[in-house]
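J.: The structure's right below; bear with me while I get my questions together.
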Amino acid sequence: MPEKGRFLRTLCALHDDGVDFIVVGGMAAVLDGAPINTFDVDVVHSRNEKNIDCLLKVLEALDAVYRIQPERRIRPNASHLASAGGQNLITRYGPLDLLGTIGRNLGYEDLLPHSVEMEVGEGVLVKVLDLETLIIIKEELGGEKDRAVLPVLRRTLEERRRAGI
């Protein structure tokens, strides 16, 4: 199955079970029109108890385990998902990174005003971090991968603005 289909299935599973999340990282850039490749789905999830319960059910259905030593079949629990850190998982549809915060400790509630709803499948609306905020966060992080993709993201934002999008 093509990568896009696998990623879409992951997003649909999160959406269909009512998980509150915002797509960030490479997938957000792709959904915002950036011509880049991504190898996983990164999301910042709400860390409230109800959302974590929903998320745990989805992860069970997706057969999600930690990517480090997947053969050990270690699954995240509620305390892992309530933390500000990241959970790097592998699911039946591919890699999924669940992040409590990104950048300078920005959580779900902090990022909501900087997200837009996008339709990623028929009737499937998800929140996606806007390109401008994604660029700011990648500039702050300054990692090698972040620096490498920044020119493409800036150019995409410039073209979107010119086109009035």
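Following the order of the structure tokens, chains are lettered A, B, ..., residues in each are numbered from 1, and ligands are numbered from 1.
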Write out as a PDB file with all heavy atoms, in the first residue's frame which residues come within 10 Å of A:Gly26 when counting only C-alpha atoms, dropping same-chain ones fewer than 4 positions away.

T.:
```
ATOM      1  N   VAL A  30       3.449  18.289   4.366  1.00  0.00           N
ATOM      2  CA  VAL A  30       2.893  17.667   3.161  1.00  0.00           C
ATOM      3  C   VAL A  30       1.437  18.101   2.968  1.00  0.00           C
ATOM      4  O   VAL A  30       1.032  18.493   1.868  1.00  0.00           O
ATOM      5  CB  VAL A  30       3.000  16.128   3.232  1.00  0.00           C
ATOM      6  CG1 VAL A  30       2.176  15.463   2.139  1.00  0.00           C
ATOM      7  CG2 VAL A  30       4.462  15.690   3.153  1.00  0.00           C
ATOM      8  N   LEU A  31       0.653  18.056   4.038  1.00  0.00           N
ATOM      9  CA  LEU A  31      -0.754  18.458   3.935  1.00  0.00           C
ATOM     10  C   LEU A  31      -0.894  19.941   3.596  1.00  0.00           C
ATOM     11  O   LEU A  31      -1.880  20.351   2.984  1.00  0.00           O
ATOM     12  CB  LEU A  31      -1.498  18.121   5.233  1.00  0.00           C
ATOM     13  CG  LEU A  31      -1.689  16.628   5.497  1.00  0.00           C
ATOM     14  CD1 LEU A  31      -2.239  16.394   6.906  1.00  0.00           C
ATOM     15  CD2 LEU A  31      -2.590  15.995   4.451  1.00  0.00           C
ATOM     16  N   ASP A  32       0.110  20.742   3.986  1.00  0.00           N
ATOM     17  CA  ASP A  32       0.120  22.167   3.654  1.00  0.00           C
ATOM     18  C   ASP A  32       0.675  22.426   2.252  1.00  0.00           C
ATOM     19  O   ASP A  32       0.829  23.562   1.848  1.00  0.00           O
ATOM     20  CB  ASP A  32       0.943  22.943   4.683  1.00  0.00           C
ATOM     21  CG  ASP A  32       0.134  23.333   5.910  1.00  0.00           C
ATOM     22  OD1 ASP A  32      -1.050  23.674   5.762  1.00  0.00           O
ATOM     23  OD2 ASP A  32       0.706  23.307   7.017  1.00  0.00           O
ATOM     24  N   ALA A  34       3.746  21.247   0.920  1.00  0.00           N
ATOM     25  CA  ALA A  34       5.194  21.214   0.729  1.00  0.00           C
ATOM     26  C   ALA A  34       5.597  19.945  -0.022  1.00  0.00           C
ATOM     27  O   ALA A  34       5.149  18.855   0.328  1.00  0.00           O
ATOM     28  CB  ALA A  34       5.915  21.288   2.074  1.00  0.00           C
ATOM     29  N   ILE A  36       7.730  17.526  -0.002  1.00  0.00           N
ATOM     30  CA  ILE A  36       8.742  16.779   0.747  1.00  0.00           C
ATOM     31  C   ILE A  36       8.235  15.368   1.003  1.00  0.00           C
ATOM     32  O   ILE A  36       7.042  15.087   0.857  1.00  0.00           O
ATOM     33  CB  ILE A  36       9.094  17.455   2.098  1.00  0.00           C
ATOM     34  CG1 ILE A  36       7.870  17.497   3.020  1.00  0.00           C
ATOM     35  CG2 ILE A  36       9.657  18.847   1.885  1.00  0.00           C
ATOM     36  CD1 ILE A  36       8.185  17.897   4.442  1.00  0.00           C
ATOM     37  N   ASN A  37       9.135  14.507   1.400  1.00  0.00           N
ATOM     38  CA  ASN A  37       8.773  13.149   1.807  1.00  0.00           C
ATOM     39  C   ASN A  37       8.795  13.071   3.321  1.00  0.00           C
ATOM     40  O   ASN A  37       9.581  13.752   3.979  1.00  0.00           O
ATOM     41  CB  ASN A  37       9.770  12.123   1.256  1.00  0.00           C
ATOM     42  CG  ASN A  37       9.630  11.941  -0.228  1.00  0.00           C
ATOM     43  OD1 ASN A  37       8.529  11.984  -0.765  1.00  0.00           O
ATOM     44  ND2 ASN A  37      10.735  11.739  -0.906  1.00  0.00           N
ATOM     45  N   THR A  38       7.945  12.226   3.847  1.00  0.00           N
ATOM     46  CA  THR A  38       7.949  11.971   5.287  1.00  0.00           C
ATOM     47  C   THR A  38       7.791  10.475   5.486  1.00  0.00           C
ATOM     48  O   THR A  38       7.226   9.783   4.654  1.00  0.00           O
ATOM     49  CB  THR A  38       6.854  12.771   6.014  1.00  0.00           C
ATOM     50  OG1 THR A  38       7.027  12.616   7.418  1.00  0.00           O
ATOM     51  CG2 THR A  38       5.454  12.346   5.603  1.00  0.00           C
ATOM     52  N   PHE A  39       8.320  10.016   6.597  1.00  0.00           N
ATOM     53  CA  PHE A  39       8.329   8.577   6.836  1.00  0.00           C
ATOM     54  C   PHE A  39       7.490   8.169   8.031  1.00  0.00           C
ATOM     55  O   PHE A  39       7.455   6.994   8.390  1.00  0.00           O
ATOM     56  CB  PHE A  39       9.780   8.103   7.007  1.00  0.00           C
ATOM     57  CG  PHE A  39      10.611   8.422   5.811  1.00  0.00           C
ATOM     58  CD1 PHE A  39      11.472   9.502   5.817  1.00  0.00           C
ATOM     59  CD2 PHE A  39      10.504   7.675   4.651  1.00  0.00           C
ATOM     60  CE1 PHE A  39      12.224   9.820   4.698  1.00  0.00           C
ATOM     61  CE2 PHE A  39      11.245   7.985   3.522  1.00  0.00           C
ATOM     62  CZ  PHE A  39      12.109   9.068   3.545  1.00  0.00           C
ATOM     63  N   ASP A  40       6.822   9.140   8.658  1.00  0.00           N
ATOM     64  CA  ASP A  40       5.978   8.819   9.805  1.00  0.00           C
ATOM     65  C   ASP A  40       4.886   9.864   9.953  1.00  0.00           C
ATOM     66  O   ASP A  40       4.857  10.852   9.239  1.00  0.00           O
ATOM     67  CB  ASP A  40       6.816   8.714  11.088  1.00  0.00           C
ATOM     68  CG  ASP A  40       7.545  10.008  11.446  1.00  0.00           C
ATOM     69  OD1 ASP A  40       7.303  11.057  10.814  1.00  0.00           O
ATOM     70  OD2 ASP A  40       8.370   9.972  12.370  1.00  0.00           O
ATOM     71  N   VAL A  41       4.000   9.608  10.879  1.00  0.00           N
ATOM     72  CA  VAL A  41       2.958  10.566  11.242  1.00  0.00           C
ATOM     73  C   VAL A  41       3.315  11.085  12.623  1.00  0.00           C
ATOM     74  O   VAL A  41       3.492  10.304  13.561  1.00  0.00           O
ATOM     75  CB  VAL A  41       1.559   9.895  11.263  1.00  0.00           C
ATOM     76  CG1 VAL A  41       0.511  10.870  11.774  1.00  0.00           C
ATOM     77  CG2 VAL A  41       1.192   9.378   9.887  1.00  0.00           C
ATOM     78  N   ASP A  42       3.458  12.412  12.732  1.00  0.00           N
ATOM     79  CA  ASP A  42       3.728  13.056  14.016  1.00  0.00           C
ATOM     80  C   ASP A  42       2.487  13.814  14.447  1.00  0.00           C
ATOM     81  O   ASP A  42       1.952  14.616  13.659  1.00  0.00           O
ATOM     82  CB  ASP A  42       4.876  14.070  13.892  1.00  0.00           C
ATOM     83  CG  ASP A  42       6.186  13.448  13.462  1.00  0.00           C
ATOM     84  OD1 ASP A  42       6.541  12.400  14.016  1.00  0.00           O
ATOM     85  OD2 ASP A  42       6.852  14.023  12.580  1.00  0.00           O
ATOM     86  N   LEU A 134       4.811  25.910  11.924  1.00  0.00           N
ATOM     87  CA  LEU A 134       5.737  24.792  11.729  1.00  0.00           C
ATOM     88  C   LEU A 134       7.144  25.307  11.414  1.00  0.00           C
ATOM     89  O   LEU A 134       8.137  24.818  11.963  1.00  0.00           O
ATOM     90  CB  LEU A 134       5.231  23.883  10.606  1.00  0.00           C
ATOM     91  CG  LEU A 134       6.061  22.643  10.319  1.00  0.00           C
ATOM     92  CD1 LEU A 134       6.124  21.723  11.534  1.00  0.00           C
ATOM     93  CD2 LEU A 134       5.487  21.897   9.125  1.00  0.00           C
ATOM     94  N   ASP A 146      15.650  19.518  10.492  1.00  0.00           N
ATOM     95  CA  ASP A 146      14.844  20.739  10.475  1.00  0.00           C
ATOM     96  C   ASP A 146      15.469  21.780   9.559  1.00  0.00           C
ATOM     97  O   ASP A 146      14.778  22.394   8.738  1.00  0.00           O
ATOM     98  CB  ASP A 146      14.703  21.307  11.896  1.00  0.00           C
ATOM     99  CG  ASP A 146      14.011  20.346  12.841  1.00  0.00           C
ATOM    100  OD1 ASP A 146      12.964  19.809  12.462  1.00  0.00           O
ATOM    101  OD2 ASP A 146      14.529  20.129  13.951  1.00  0.00           O
ATOM    102  N   VAL A 149      15.042  21.038   5.721  1.00  0.00           N
ATOM    103  CA  VAL A 149      13.724  21.191   5.102  1.00  0.00           C
ATOM    104  C   VAL A 149      13.221  22.641   5.130  1.00  0.00           C
ATOM    105  O   VAL A 149      12.303  22.989   4.388  1.00  0.00           O
ATOM    106  CB  VAL A 149      12.705  20.224   5.761  1.00  0.00           C
ATOM    107  CG1 VAL A 149      12.268  20.728   7.125  1.00  0.00           C
ATOM    108  CG2 VAL A 149      11.512  19.990   4.870  1.00  0.00           C
ATOM    109  N   LEU A 153      10.060  24.614   3.043  1.00  0.00           N
ATOM    110  CA  LEU A 153       8.872  25.088   3.761  1.00  0.00           C
ATOM    111  C   LEU A 153       8.668  26.582   3.553  1.00  0.00           C
ATOM    112  O   LEU A 153       7.536  27.043   3.335  1.00  0.00           O
ATOM    113  CB  LEU A 153       8.982  24.768   5.252  1.00  0.00           C
ATOM    114  CG  LEU A 153       9.066  23.294   5.627  1.00  0.00           C
ATOM    115  CD1 LEU A 153       9.117  23.131   7.137  1.00  0.00           C
ATOM    116  CD2 LEU A 153       7.920  22.509   5.031  1.00  0.00           C
TER     117      LEU A 153
END
```

J.: Sort by chain and increasing residue number a table of all residues of stretch 58-147 of chain A within 7 Å of stretch 10-22 of chain A, each with its closest pair of atoms and their distance in Å to one decimal, counting only C-alpha atoms, and write it as a Markdown table.

T.:
```
| residue | atom | partner | partner_atom | distance |
| --- | --- | --- | --- | --- |
| A:Val58 | CA | A:Leu14 | CA | 6.5 |
| A:Tyr93 | CA | A:Thr10 | CA | 6.4 |
| A:Tyr108 | CA | A:Phe21 | CA | 7.0 |
| A:Val124 | CA | A:Cys12 | CA | 6.7 |
| A:Val126 | CA | A:His15 | CA | 6.9 |
| A:Lys127 | CA | A:Ile22 | CA | 4.8 |
| A:Val128 | CA | A:Ile22 | CA | 5.3 |
| A:Leu129 | CA | A:Ile22 | CA | 6.4 |
```

J.: Just want the 8 Å neighbourhood of A:Pro76, counted on only C-alpha atoms, with same-chain residues fewer than 5 positions away dropped. Output as a list in words.

T.: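 Everything that qualifies: Leu56, Val65, Tyr66, Leu81 and Gln87 of chain A.
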
J.: Write down as a ChimeraX atom specification the residues of stretch 6-162 of chain A whose backbone DSSP state falls under alpha helix (DSSP H).

T.: /A:6-16,25-31,49-61,78-82,108-111,131-141,144-162

J.: Can you work out which one of A:Lys50, A:His45, A:His114, A:Arg6 has the shortest atom-to-atom distance to A:Gly85, counting only C-alpha atoms?

T.: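 Looking at the shortest contact to A:Gly85, the residue is A:His45.
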
J.: As a PyMOL selection string, please: all residues of stretch 53-121 of chain A that backbone DSSP puts in strand (DSSP E or B).

T.: chain A and resi 65-66+86-91+94-99+102+106+115-121

J.: Mind dumping the selected residues with C-alpha atoms as a compact mmCIF listing (two decimals), in the first residue's frame?

T.:
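Produced file selection-v4.txt, reproduced below:
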```
# COMPACT_ATOMS: atom_id res chain seq x y z
CA VAL A 65 4.30 -0.87 20.10
CA TYR A 66 7.48 1.08 20.73
CA GLY A 86 7.40 11.71 22.71
CA GLN A 87 6.36 8.12 22.10
CA ASN A 88 7.90 6.66 18.94
CA LEU A 89 5.62 3.82 17.94
CA ILE A 90 5.18 1.41 15.07
CA THR A 91 1.62 0.46 14.10
CA GLY A 94 3.60 2.41 9.90
CA PRO A 95 5.45 4.74 12.26
CA LEU A 96 3.46 7.04 14.55
CA ASP A 97 5.09 9.58 16.85
CA LEU A 98 2.85 10.79 19.68
CA LEU A 99 4.17 14.00 21.17
CA ILE A 102 6.86 20.29 20.60
CA LEU A 106 3.97 23.79 23.26
CA SER A 115 -3.90 24.86 13.49
CA VAL A 116 -6.33 24.59 10.62
CA GLU A 117 -8.84 21.88 9.84
CA MET A 118 -8.17 19.96 6.66
CA GLU A 119 -10.07 17.19 4.98
CA VAL A 120 -7.72 14.23 4.55
CA GLY A 121 -10.36 11.76 3.45
```

J.: As a list in words, please: the residues near A:Thr133 (cut-off 10 Å, only C-alpha atoms, same-chain neighbours under 2 positions excluded).

T.: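 Here the qualifying residues turn out to be Val24, Leu111, His114, Ser115, Leu129, Asp130, Leu131, Ile135, Ile136, Ile137, Lys138 and Glu139 of chain A.
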
J.: Just write the chosen residues, N, CA and C atoms, as a compact mmCIF listing (two decimals), in the first residue's frame.

T.:
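Just written: selection_6.txt:
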```
# COMPACT_ATOMS: atom_id res chain seq x y z
N VAL A 24 1.52 17.43 13.08
CA VAL A 24 2.68 18.32 13.05
C VAL A 24 3.78 17.67 12.21
N LEU A 111 -1.14 24.87 20.71
CA LEU A 111 -1.07 24.80 19.25
C LEU A 111 -2.42 24.97 18.56
N HIS A 114 -3.04 27.79 16.27
CA HIS A 114 -2.13 27.79 15.12
C HIS A 114 -2.38 26.59 14.21
N SER A 115 -3.56 26.01 14.33
CA SER A 115 -3.90 24.86 13.49
C SER A 115 -5.09 25.19 12.62
N LEU A 129 -1.13 21.64 12.00
CA LEU A 129 -0.37 22.83 12.37
C LEU A 129 -0.13 23.66 11.12
N ASP A 130 -0.38 24.98 11.22
CA ASP A 130 -0.20 25.82 10.05
C ASP A 130 1.27 25.93 9.70
N LEU A 131 1.53 26.17 8.44
CA LEU A 131 2.89 26.15 7.91
C LEU A 131 3.78 27.21 8.56
N ILE A 135 7.24 26.33 10.58
CA ILE A 135 8.53 26.92 10.24
C ILE A 135 9.19 27.51 11.49
N ILE A 136 8.43 28.25 12.27
CA ILE A 136 8.97 28.87 13.49
C ILE A 136 9.52 27.79 14.43
N ILE A 137 8.76 26.73 14.62
CA ILE A 137 9.20 25.65 15.52
C ILE A 137 10.46 24.97 14.98
N LYS A 138 10.50 24.71 13.69
CA LYS A 138 11.69 24.07 13.11
C LYS A 138 12.91 24.99 13.20
N GLU A 139 12.71 26.31 13.06
CA GLU A 139 13.81 27.25 13.24
C GLU A 139 14.33 27.21 14.67
```

J.: Mind giving me the straight-line distance from atom CA of A:Glu158 to atom CA of A:Pro35 in Å, one decimal?

T.: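 Between atom CA of A:Glu158 and atom CA of A:Pro35 the gap works out to 13.4 Å.
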